[in-house]
Structure formats: structure tokens, C-alpha cells
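J.: So I've got this file, query-v2.txt, and it contains compact mmCIF, C-alpha atoms:
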# COMPACT_ATOMS: atom_id res chain seq x y z
CA ASP J 1 20.78 1.53 -33.83
CA GLU J 2 19.77 3.64 -36.81
CA THR J 3 21.80 1.44 -39.20
CA LYS J 4 19.74 -1.66 -38.46
CA LYS J 5 17.30 -2.84 -41.09
CA HIS J 6 13.63 -2.26 -40.28
CA TYR J 7 11.26 -5.13 -41.05
CA SER J 8 7.72 -4.26 -42.04
CA SER J 9 4.61 -6.24 -41.22
CA ILE J 10 1.44 -6.95 -43.15
CA GLU J 11 -1.11 -4.20 -42.64
CA ILE J 12 -4.13 -5.46 -40.74
CA PRO J 13 -7.50 -3.95 -41.80
CA ASP J 14 -9.28 -1.63 -39.39
CA GLU J 15 -12.31 -3.93 -39.28
CA VAL J 16 -10.08 -6.69 -37.86
CA LEU J 17 -8.39 -4.49 -35.26
CA PHE J 18 -11.67 -2.77 -34.34
CA PRO J 19 -14.55 -5.20 -35.14
CA PRO J 20 -17.46 -2.92 -36.17
CA GLY J 21 -20.22 -2.59 -33.59
CA SER J 22 -18.37 -4.65 -30.99
CA ASN J 23 -17.37 -3.93 -27.40
CA ILE J 24 -13.75 -4.26 -28.47
CA GLU J 25 -14.28 -1.48 -30.99
CA GLU J 26 -15.84 0.81 -28.37
CA LEU J 27 -13.08 0.28 -25.82
CA ALA J 28 -10.24 0.46 -28.35
CA MET J 29 -11.65 3.68 -29.83
CA ALA J 30 -11.93 5.22 -26.36
CA LEU J 31 -8.23 4.48 -25.79
CA TYR J 32 -7.38 5.74 -29.27
CA LYS J 33 -9.18 9.07 -28.84
CA ASN J 34 -7.60 9.52 -25.42
CA SER J 35 -4.04 9.11 -26.80
CA TYR J 36 -1.56 11.89 -27.48
CA ARG J 37 -0.04 9.70 -30.20
CA PRO J 38 -3.00 7.59 -31.36
CA ASN J 39 -1.97 4.15 -32.61
CA LYS J 40 -4.60 1.69 -33.80
CA MET J 41 -2.45 -1.41 -33.28
CA ILE J 42 -1.47 -0.49 -29.74
CA CYS J 43 -5.04 0.40 -28.73
CA ALA J 44 -6.55 -2.67 -30.40
CA MET J 45 -4.17 -5.15 -28.80
CA THR J 46 -4.16 -3.39 -25.41
CA THR J 47 -7.95 -3.76 -25.42
CA ARG J 48 -7.65 -7.50 -26.01
CA ALA J 49 -5.10 -7.82 -23.19
CA LEU J 50 -7.42 -5.93 -20.81
CA ILE J 51 -10.40 -8.12 -21.74
CA ALA J 52 -8.32 -11.28 -21.25
CA PHE J 53 -7.09 -10.05 -17.86
CA MET J 54 -10.55 -9.08 -16.60
CA ALA J 55 -12.07 -12.37 -17.76
CA GLY J 56 -9.10 -14.40 -16.51
CA GLY J 57 -9.23 -18.07 -15.62
CA LYS J 58 -13.01 -18.16 -15.17
CA TYR J 59 -13.44 -19.09 -18.84
CA LYS J 60 -12.47 -22.06 -20.97
CA SER J 61 -13.42 -22.92 -24.53
CA VAL J 62 -15.22 -26.11 -25.49
CA GLN J 63 -11.84 -27.33 -26.77
CA GLY J 64 -10.01 -26.39 -23.57
CA ASP J 65 -8.52 -23.05 -24.64
CA ARG J 66 -7.78 -20.40 -22.02
CA LEU J 67 -7.35 -16.65 -22.48
CA ASN J 68 -3.71 -16.38 -21.34
CA ILE J 69 -2.24 -14.51 -24.31
CA GLN J 70 1.37 -13.39 -24.38
CA GLN J 71 1.83 -10.51 -26.81
CA VAL J 72 4.57 -8.04 -27.66
CA ILE J 73 4.15 -4.76 -29.51
CA THR J 74 7.19 -3.48 -31.38
CA ALA J 75 7.36 0.26 -32.01
CA GLY J 76 9.81 3.10 -32.04
CA THR J 77 10.03 5.72 -29.34
CA ALA J 78 7.18 8.22 -28.87
CA VAL J 79 4.55 6.33 -30.89
CA GLY J 80 2.14 5.63 -28.02
CA LYS J 81 3.49 2.50 -26.27
CA ASN J 82 2.61 4.03 -22.87
CA VAL J 83 -1.08 3.42 -23.61
CA GLY J 84 -0.61 -0.30 -23.06
CA VAL J 85 1.28 0.17 -19.81
CA ASN J 86 -1.09 2.69 -18.25
CA ALA J 87 -4.54 1.81 -19.61
CA PHE J 88 -6.06 -0.04 -16.67
CA ASN J 89 -4.43 1.93 -13.87
CA GLN J 90 -5.31 5.19 -15.53
CA HIS J 91 -8.92 4.35 -16.43
CA ALA J 92 -9.97 1.66 -13.92
CA THR J 93 -12.88 3.63 -12.46
CA LYS J 94 -14.26 4.52 -15.86
CA LEU J 95 -13.72 0.98 -17.14
CA LEU J 96 -15.75 -0.70 -14.40
CA GLY J 97 -17.96 2.21 -13.33
CA PRO J 98 -18.16 4.16 -10.05
CA ASP J 99 -20.20 1.41 -8.35
CA ASN J 100 -17.32 -1.09 -8.60
CA LEU J 101 -14.46 0.73 -6.88
CA ASP J 102 -13.54 -2.27 -4.69
CA LEU J 103 -13.25 -4.49 -7.77
CA SER J 104 -11.14 -1.97 -9.66
CA ILE J 105 -8.80 -1.54 -6.66
CA MET J 106 -8.39 -5.30 -6.33
CA LEU J 107 -7.62 -5.70 -10.04
CA ARG J 108 -5.12 -2.84 -9.93
CA GLN J 109 -3.18 -4.81 -7.33
CA LYS J 110 -2.77 -7.64 -9.86
CA ILE J 111 -1.06 -5.52 -12.50
CA VAL J 112 2.72 -5.39 -12.81
CA ASN J 113 4.01 -2.37 -14.70
CA SER J 114 7.64 -3.03 -15.64
CA ALA J 115 9.06 -2.84 -12.09
CA LEU J 116 9.73 -6.52 -11.42
CA SER J 117 9.78 -7.62 -7.80
CA SER J 118 10.32 -11.18 -6.58
CA THR J 119 8.39 -14.06 -8.10
CA GLN J 120 7.27 -14.97 -4.56
CA GLY J 121 5.62 -11.57 -4.23
CA ILE J 122 3.88 -12.11 -7.58
CA MET J 123 2.58 -15.51 -6.50
CA ASP J 124 1.30 -14.09 -3.23
CA SER J 125 -0.52 -11.33 -5.08
CA ALA J 126 -1.95 -13.77 -7.61
CA LYS J 127 -3.29 -16.06 -4.88
CA ASP J 128 -5.01 -13.24 -3.00
CA GLY J 129 -8.77 -13.57 -3.44
CA HIS J 130 -10.37 -15.61 -6.20
CA HIS J 131 -8.72 -13.83 -9.14
CA HIS J 132 -5.62 -15.94 -9.77
CA ASP J 133 -4.82 -13.68 -12.69
CA MET J 134 -2.08 -11.14 -13.39
CA LEU J 135 -1.42 -8.59 -16.11
CA PHE J 136 2.23 -7.88 -16.87
CA ASN J 137 2.96 -4.67 -18.76
CA ILE J 138 6.69 -4.85 -19.48
CA ASP J 139 8.46 -2.16 -21.46
CA GLU J 140 11.62 -2.94 -23.47
CA TYR J 141 10.80 -6.64 -23.45
CA GLY J 142 13.62 -7.46 -25.87
CA LYS J 143 16.13 -6.21 -23.31
CA PHE J 144 14.31 -8.17 -20.62
CA ILE J 145 14.68 -11.43 -22.60
CA GLU J 146 18.36 -10.77 -23.22
CA GLU J 147 19.03 -10.08 -19.53
CA ALA J 148 17.00 -13.13 -18.48
CA THR J 149 18.66 -15.65 -20.82
CA GLY J 150 22.15 -14.37 -21.67
CA LYS J 151 25.54 -15.40 -20.29
CA ASN J 152 25.28 -13.13 -17.27
CA ALA J 153 21.57 -13.60 -16.71
CA ASP J 154 19.84 -11.56 -14.03
CA LYS J 155 18.51 -14.19 -11.59
CA ASN J 156 15.31 -12.28 -10.87
CA LYS J 157 14.51 -11.80 -14.55
CA ALA J 158 15.44 -15.39 -15.32
CA ALA J 159 12.97 -16.50 -12.64
CA TYR J 160 10.29 -14.35 -14.27
CA TYR J 161 11.03 -15.76 -17.71
CA ASN J 162 10.69 -19.30 -16.38
CA MET J 163 7.57 -18.37 -14.43
CA PHE J 164 5.83 -17.16 -17.59
CA LEU J 165 6.50 -20.55 -19.18
CA GLU J 166 5.38 -22.56 -16.15
CA ILE J 167 2.20 -20.58 -15.59
CA TYR J 168 1.35 -20.72 -19.29
CA SER J 169 1.49 -24.51 -19.16
CA ALA J 170 -0.56 -24.65 -15.95
CA SER J 171 -3.45 -22.47 -17.14
CA ASN J 172 -5.88 -25.40 -17.38
CA GLY J 173 -5.26 -26.83 -13.92
CA THR J 174 -3.66 -26.05 -10.58
CA TYR J 175 -0.19 -24.70 -9.96
CA ILE J 176 1.87 -25.05 -6.80
CA PRO J 177 5.40 -23.63 -7.09
CA SER J 178 7.60 -26.16 -5.33
CA HIS J 179 9.67 -23.52 -3.54
CA LEU J 180 6.55 -21.59 -2.50
CA SER J 181 4.35 -24.49 -1.48
CA LYS J 182 3.90 -23.58 2.20
CA ALA J 183 4.27 -20.53 4.40
CA ASN J 184 4.02 -20.50 8.18
CA ASP J 185 2.27 -23.90 8.22
CA GLN J 186 -0.66 -22.50 6.28
CA LYS J 187 -2.37 -24.18 3.33
CA PRO J 188 -0.24 -24.71 0.23
CA ARG J 189 -0.23 -21.73 -2.12
CA ILE J 190 -2.35 -23.18 -4.89
CA LEU J 191 -3.24 -21.19 -7.98
CA HIS J 192 -6.36 -22.42 -9.75
CA ALA J 193 -6.35 -22.02 -13.54
CA PRO J 194 -3.86 -19.14 -13.35
CA CYS J 195 -4.23 -16.65 -16.17
CA PHE J 196 -1.10 -14.52 -16.56
CA ILE J 197 -1.35 -12.03 -19.42
CA LEU J 198 1.82 -10.61 -20.95
CA ASN J 199 1.30 -7.26 -22.68
CA ALA J 200 4.82 -6.12 -23.52
CA ALA J 201 6.38 -3.44 -25.67
CA THR J 202 9.82 -2.99 -27.17
CA THR J 203 11.61 -1.54 -30.15
CA GLN J 204 12.08 -3.88 -33.06
CA ALA J 205 15.88 -3.75 -32.91
CA THR J 206 15.95 -4.50 -29.17
CA PHE J 207 13.60 -7.43 -29.62
CA ILE J 208 15.72 -8.94 -32.41
CA ASP J 209 18.87 -8.50 -30.32
CA GLY J 210 17.23 -10.02 -27.25
CA VAL J 211 15.86 -13.18 -28.85
CA SER J 212 18.47 -15.85 -29.50
CA SER J 213 18.40 -18.72 -31.96
CA ASP J 214 17.97 -21.03 -28.99
CA ASP J 215 14.70 -19.26 -28.11
CA LEU J 216 13.50 -19.98 -31.64
CA VAL J 217 14.79 -23.52 -32.05
CA SER J 218 13.46 -24.60 -28.65
CA GLY J 219 10.02 -23.18 -29.42
CA ARG J 220 9.91 -20.86 -26.38
CA ILE J 221 9.20 -17.90 -28.63
CA GLY J 222 6.23 -19.67 -30.22
CA ARG J 223 3.96 -18.68 -27.34
CA LEU J 224 4.37 -15.01 -28.24
CA CYS J 225 2.36 -13.00 -30.72
CA VAL J 226 4.40 -10.03 -31.93
CA PHE J 227 2.73 -7.07 -33.61
CA ASP J 228 4.29 -4.16 -35.48
CA ALA J 229 2.85 -0.80 -34.40
CA ASP J 230 5.22 1.47 -36.34
CA ARG J 231 3.10 1.46 -39.48
CA TYR J 232 0.11 2.71 -37.43
CA ALA J 233 1.91 5.69 -35.89
CA HIS J 234 -0.06 8.94 -35.91
CA ARG J 235 1.05 12.51 -35.49
CA PRO J 236 0.44 14.09 -32.04
CA VAL J 237 -3.08 15.31 -31.29
CA ASP J 238 -4.95 16.79 -28.35
CA PRO J 239 -6.38 13.79 -26.43
CA GLU J 240 -10.11 13.57 -25.82
CA PRO J 241 -11.50 12.48 -22.43
CA PHE J 242 -11.71 8.71 -21.96
CA GLU J 243 -15.38 7.76 -22.13
CA ILE J 244 -17.22 4.47 -22.62
CA SER J 245 -20.92 3.70 -22.34
CA GLU J 246 -22.58 2.65 -19.10
CA ASP J 247 -23.57 -0.62 -20.80
CA LEU J 248 -19.92 -1.43 -21.52
CA GLN J 249 -18.93 -0.48 -17.96
CA ASN J 250 -21.51 -2.89 -16.59
CA HIS J 251 -20.38 -5.62 -18.96
CA LEU J 252 -16.72 -5.25 -17.98
CA ALA J 253 -17.58 -5.23 -14.28
CA LYS J 254 -19.57 -8.45 -14.59
CA LEU J 255 -16.85 -9.98 -16.77
CA SER J 256 -14.34 -9.23 -14.01
CA ASP J 257 -16.43 -10.50 -11.09
CA THR J 258 -15.97 -14.06 -9.78
CA LYS J 259 -19.70 -14.24 -9.07
CA VAL J 260 -20.31 -15.30 -12.68
CA LEU J 261 -18.87 -18.69 -11.66
CA GLU J 262 -21.68 -19.28 -9.18
CA GLN J 263 -24.06 -20.33 -11.95
CA ASN J 264 -22.18 -23.66 -12.20
CA MET J 265 -21.84 -24.38 -8.48
CA VAL J 266 -24.06 -26.16 -6.00
CA LEU J 267 -22.18 -25.14 -2.85
CA ILE J 268 -20.55 -21.74 -2.57
CA ASP J 269 -17.72 -20.94 -0.21
CA LYS J 270 -14.55 -18.95 -0.60
CA ASP J 271 -12.43 -22.00 -1.41
CA LEU J 272 -14.79 -23.49 -3.97
CA ILE J 273 -15.09 -20.28 -5.99
CA SER J 274 -11.44 -20.41 -6.96
CA GLN J 275 -11.59 -24.18 -7.53
CA ALA J 276 -14.49 -23.63 -9.92
CA ARG J 277 -12.03 -21.98 -12.30
CA VAL J 278 -10.65 -25.49 -12.92
CA ASP J 279 -13.66 -27.76 -12.31
CA THR J 280 -16.66 -25.78 -13.56
CA PRO J 281 -15.50 -22.73 -15.57
CA ILE J 282 -17.81 -20.88 -17.90
CA ILE J 283 -17.57 -22.63 -21.26
CA ILE J 284 -16.97 -20.63 -24.42
CA ASP J 285 -18.92 -22.46 -27.11
CA PHE J 286 -18.07 -22.67 -30.82
CA ALA J 287 -20.72 -21.79 -33.40
CA ASN J 288 -21.40 -23.99 -36.43
CA GLY J 289 -18.42 -24.16 -38.74
CA VAL J 290 -15.81 -23.08 -36.20
CA LYS J 291 -14.50 -26.54 -35.31
CA GLU J 292 -14.20 -27.46 -38.98
CA ARG J 293 -12.30 -24.25 -39.73
CA VAL J 294 -9.99 -24.89 -36.77
CA ALA J 295 -9.17 -28.36 -38.12
CA GLU J 296 -8.46 -26.91 -41.57
CA LEU J 297 -6.14 -24.28 -40.15
CA ARG J 298 -4.35 -26.81 -37.96
CA ASP J 299 -3.44 -28.83 -41.08
CA ARG J 300 -2.26 -25.68 -42.84
CA TYR J 301 0.05 -24.64 -40.02
CA TYR J 302 1.41 -28.16 -39.66
CA ASP J 303 2.51 -27.93 -43.29
CA LYS J 304 4.17 -24.58 -42.60
CA TYR J 305 6.01 -26.04 -39.62
CA GLU J 306 7.32 -28.89 -41.77
CA GLN J 307 8.26 -26.89 -44.84
CA GLN J 308 9.37 -23.39 -43.85
CA SER J 309 12.47 -22.09 -42.17
CA PHE J 310 11.59 -20.99 -38.65
CA GLY J 311 8.36 -22.94 -38.95
CA VAL J 312 8.58 -23.30 -35.17
CA ILE J 313 7.03 -19.83 -35.06
CA TRP J 314 3.82 -21.38 -36.40
CA THR J 315 3.61 -24.18 -33.82
CA ARG J 316 1.14 -22.35 -31.57
CA ALA J 317 -0.62 -20.36 -34.29
CA ILE J 318 -3.92 -22.23 -34.04
CA GLU J 319 -3.79 -22.09 -30.25
CA ASN J 320 -3.29 -18.32 -30.32
CA ILE J 321 -6.00 -17.86 -32.94
CA LYS J 322 -8.50 -19.59 -30.67
CA LYS J 323 -7.37 -17.53 -27.67
CA TYR J 324 -7.97 -14.23 -29.49
CA ALA J 325 -11.30 -15.47 -30.84
CA CYS J 326 -12.35 -16.46 -27.31
CA ILE J 327 -11.35 -13.02 -26.03
CA GLU J 328 -13.68 -11.41 -28.57
CA ALA J 329 -16.45 -13.84 -27.56
CA VAL J 330 -16.30 -12.99 -23.83
CA ALA J 331 -16.05 -9.30 -24.72
CA GLU J 332 -19.50 -9.64 -26.28
CA ASP J 333 -21.23 -12.02 -23.84
CA TYR J 334 -19.84 -12.73 -20.36
CA MET J 335 -22.48 -15.37 -19.48
CA ASN J 336 -22.88 -17.41 -22.67
CA PRO J 337 -19.91 -16.57 -24.90
CA VAL J 338 -19.81 -18.10 -28.38
CA VAL J 339 -16.97 -17.95 -30.91
CA THR J 340 -18.34 -17.29 -34.39
CA VAL J 341 -16.65 -17.98 -37.71
CA ASP J 342 -16.17 -14.21 -38.18
CA MET J 343 -14.42 -13.94 -34.79
CA LEU J 344 -12.17 -16.84 -35.71
CA GLU J 345 -11.28 -15.25 -39.05
CA ARG J 346 -10.40 -11.93 -37.43
CA ALA J 347 -8.19 -13.77 -34.96
CA ARG J 348 -6.61 -15.71 -37.82
CA LEU J 349 -5.64 -12.51 -39.61
CA LEU J 350 -4.08 -11.13 -36.42
CA VAL J 351 -2.03 -14.22 -35.66
CA GLU J 352 -0.96 -14.90 -39.24
CA ALA J 353 0.28 -11.31 -39.49
CA SER J 354 2.22 -11.86 -36.26
CA CYS J 355 3.79 -15.12 -37.47
CA LYS J 356 4.81 -13.65 -40.83
CA TYR J 357 6.26 -10.60 -39.10
CA MET J 358 8.38 -12.77 -36.80
CA VAL J 359 9.59 -14.91 -39.71
CA ALA J 360 10.60 -11.74 -41.58
CA MET J 361 12.54 -10.46 -38.57
CA PHE J 362 14.33 -13.65 -37.59
CA ASP J 363 14.87 -15.51 -40.86
CA GLU J 364 17.60 -13.12 -41.95
CA GLU J 365 18.84 -11.91 -38.58
CA VAL J 366 19.24 -15.24 -36.81
CA SER J 367 19.35 -18.04 -39.36
CA GLU J 368 23.04 -17.60 -40.14
CA ASN J 369 23.85 -19.20 -36.81
CA GLN J 370 21.26 -21.56 -35.36
CA TYR J 371 23.18 -21.94 -32.12
CA ASP J 372 24.22 -18.42 -31.19
CA GLY J 373 22.02 -18.20 -28.07
CA ALA J 374 24.95 -18.19 -25.66
CA GLU J 375 26.51 -15.27 -27.48
CA LYS J 376 23.40 -13.07 -27.38
Here is the file; what I need is its structure written in the form of C-alpha cells.

T.:
Amino acid sequence: DETKKHYSSIEIPDEVLFPPGSNIEELAMALYKNSYRPNKMICAMTTRALIAFMAGGKYKSVQGDRLNIQQVITAGTAVGKNVGVNAFNQHATKLLGPDNLDLSIMLRQKIVNSALSSTQGIMDSAKDGHHHDMLFNIDEYGKFIEEATGKNADKNKAAYYNMFLEIYSASNGTYIPSHLSKANDQKPRILHAPCFILNAATTQATFIDGVSSDDLVSGRIGRLCVFDADRYAHRPVDPEPFEISEDLQNHLAKLSDTKVLEQNMVLIDKDLISQARVDTPIIIDFANGVKERVAELRDRYYDKYEQQSFGVIWTRAIENIKKYACIEAVAEDYMNPVVTVDMLERARLLVEASCKYMVAMFDEEVSENQYDGAEK
């Protein structure tokens, strides 16, 4: 709707989106140069989603944080949203290197690109092997929310919407869907530390229309980080070939491989490897000063929750900050990852920009009627 107001976000510096000298910078720049419509926001956040997916539930921070981000990119048509949807499938071999074809094929099978099948099929795919992780690339996510939660909700999409919530809450333990607990008298379908990554895209107007006041008041929307890509739109260019260094390929392959869990295990068998995701994951440590900064930020966001309209948007801000900082840490070191103060600050700028953007969108659009969810 061209008459709808467009809400602008805070511009995030390049050095936050693409941390200089980092693996995230190298991968994000490779995606950027390979794009017909290069967009720094889309490439930067797609890179973080890919890292989180490849690392999956094998990692946990010293404070218990997992990497299961749920992010939405808002952008108009023809500004490069397809990069997020196609990145892994299109570049899997070059991401993990030619010596890891089996691994890239297996990971490709755990990616859902918009076409939503049954939740049972998703659970079966997630349980296959030791990677109980999934990457969901959903286009027009605002429309998806509306169709999953409105008066005439699509049952399949409603099941997905609920699944995202359930899996998010189960990321630190085991998950057994009650209606999928057994099949043909086999073992229960247990997911160990499931890590489901949501990397969605939508137009701003569709997202605003899809989210109801009930989503905001109940806090369901607080899990999401929403980023504005419109301000980063670039004119069309001739794409360059997608290329990353052999060192980065090797790092991503090792990051993706369950064998990194074996360092913490005495007895190795195919059941214990997946259980290790819960019992003995690789710990992401915090450098000096990080815990103190986390405590300071937690107090700040508590004040925002108490004092601001739609403060519920800030309820998971510190949680999301730590998730993004942990993603940067494993992107740099897959064996002994450490969150530094600089990583935490970059993550803070990302998440604060997201929270302020959501407040700007919803404060005016939704606050007139706090209980209009059934009408949306």
C-alpha cells in the first residue's frame, strides 16, 4: 500500500554489520559482491543466520545462551531479499569446500525455504542424524503471521507458529512433541538441544499488518529481531563470483561437524553424540568485562520495559544481544569460542536498533487499540 507511512530505522555502522578482519566480514562481503542488488543489512544478517545454523545446538554460552536467533528483515521488493533465502543452497559447496560434499548435502536437507510442509515432516528431518537444527527462510513473514494467528487461521501455519515458540523454549534441553512421540514402536522422537533458526523477510507494511496487538502484549514478538534493509538498498550491479578463502571454508566445515563434540565425551556412539548437545556442549566463554556489561545492560532494559510504551519489545533484548555475540565468537573460533566486550557491543548496537525500529513501527500503528488481535 503506497499510502502507508514508512518507518525508518537507525543506521548501523558498517564496522558493526561487517566486523573488520573477521570471518563474518569475509562471508558477508562474499555474499554482497555476489548480489545483483547488494544490500549490506541483508548480507550481514544472512551471514549471522548461516553461522548460527551451521554451529547449531553444539554450543552453549557460560551463562546458558544458545544460538537460536529468530530474525526478520523488512525491505521493499527487488532490494535483494532473495540472498537470504538462497545463500546456503546456492553456495553450499563453496561454503564448506569440495571435500565436505556429504556434510553440505546433509545440511541442505535441514533448510526450509518458504514452502511449508507438515510439522511432523520437519521434526523427522530435524531428528535425522546428530544435527537437530533447522534453518527456516520464510518470505513474506508478515503475511505468514497473519494467516497463522487471525480469525481464519491456516492450521498448518498455526502449527508452525506454535512450533517456533516451543522449540525456542526447548533449546537448552530435550524436546519430544507429544503427538509425535513414537512411530512404529521405535524410540521416541527426541530432539536434543534443538536449534531452529528463523531467517525471514517481508515488506514493512505486510509485517505491521500481520502483527496484532495481542502478539505484542503477550510478548510473543519479543523473541524476534527485526531489521530494516530499505536504507541499505543499492542500485543493480553485475554480480561477482562467490569466493571465500580456503581457511574460512575449513573453519565453516569444522563448525558444522558434530565431531567437535567428541572432545568432551568419554564414550562415543551415535546416540551419545546427539545427547552431548545437552550434557556436554562446547562452552562459549565470556572475556573479562563481559559479564559486568551484561548485568549493566539487563538493568537498563528492565527500566525500558517498566517505563516505555511497548516496553515488552525490550524483554528479550539482553538475551538476543548475547546470542548475536556468541554467533560472532563461534565464527572466529569453533573449538574455544570467547565473547569479547567488542563483540558484545556490536551485538548491542544491532539489537538496540532492532528494538527501536519495532517500537517506531508499532507504537503508532497498534497502540490505539491494545486488543485488536482478533480483528487482524

J.: Which residue gives the smallest distance to Leu50 (chain J) among J:Asp154, J:Glu328, J:Asp214, J:Glu240, with all atoms listed in the file counted?

T.: J:Glu328

J.: Given the choices J:Ser171, J:Thr280, J:Thr206, J:Thr340, which gets closest to Arg293 (chain J) if the distance is worked out from all atoms listed in the file?

T.: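 Among the listed residues, J:Thr340 lies closest to Arg293 (chain J).
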
J.: Using only C-alpha atoms, which of J:Ile190, J:Leu31, J:Ile73, J:Val211 sits nearest Thr149 (chain J)?

T.: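 So, comparing all the options, the nearest one is J:Val211.
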
J.: Mind giving me the straight-line distance from CA of Thr258 (chain J) to CA of Tyr160 (chain J) in Å, one decimal?

T.: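 One can read the CA of Thr258 (chain J) to CA of Tyr160 (chain J) distance as 26.6 Å.
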
J.: Using only C-alpha atoms, which of the listed residues (J:Ala276, J:Ile167, J:Val62, J:Ile197) sits closest to Val112 (chain J)?

T.: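 Smallest distance to Val112 (chain J) is found for J:Ile197.
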
J.: Between J:Asp99, J:Glu243, J:Asp285, J:Asp299, which residue has the minimum interatomic distance to Ala329 (chain J), considering all atoms listed in the file?

T.: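 Selected residue with least distance to Ala329 (chain J): J:Asp285.
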
J.: Between CA of Pro239 (chain J) and CA of Ile138 (chain J), what is the distance, to one decimal in Å?

T.: 23.8 Å

J.: When you count only C-alpha atoms, which of these residues is closest to Asn288 (chain J): J:Asn23, J:Ala159, J:Asp342, J:Leu103?

T.: J:Asp342
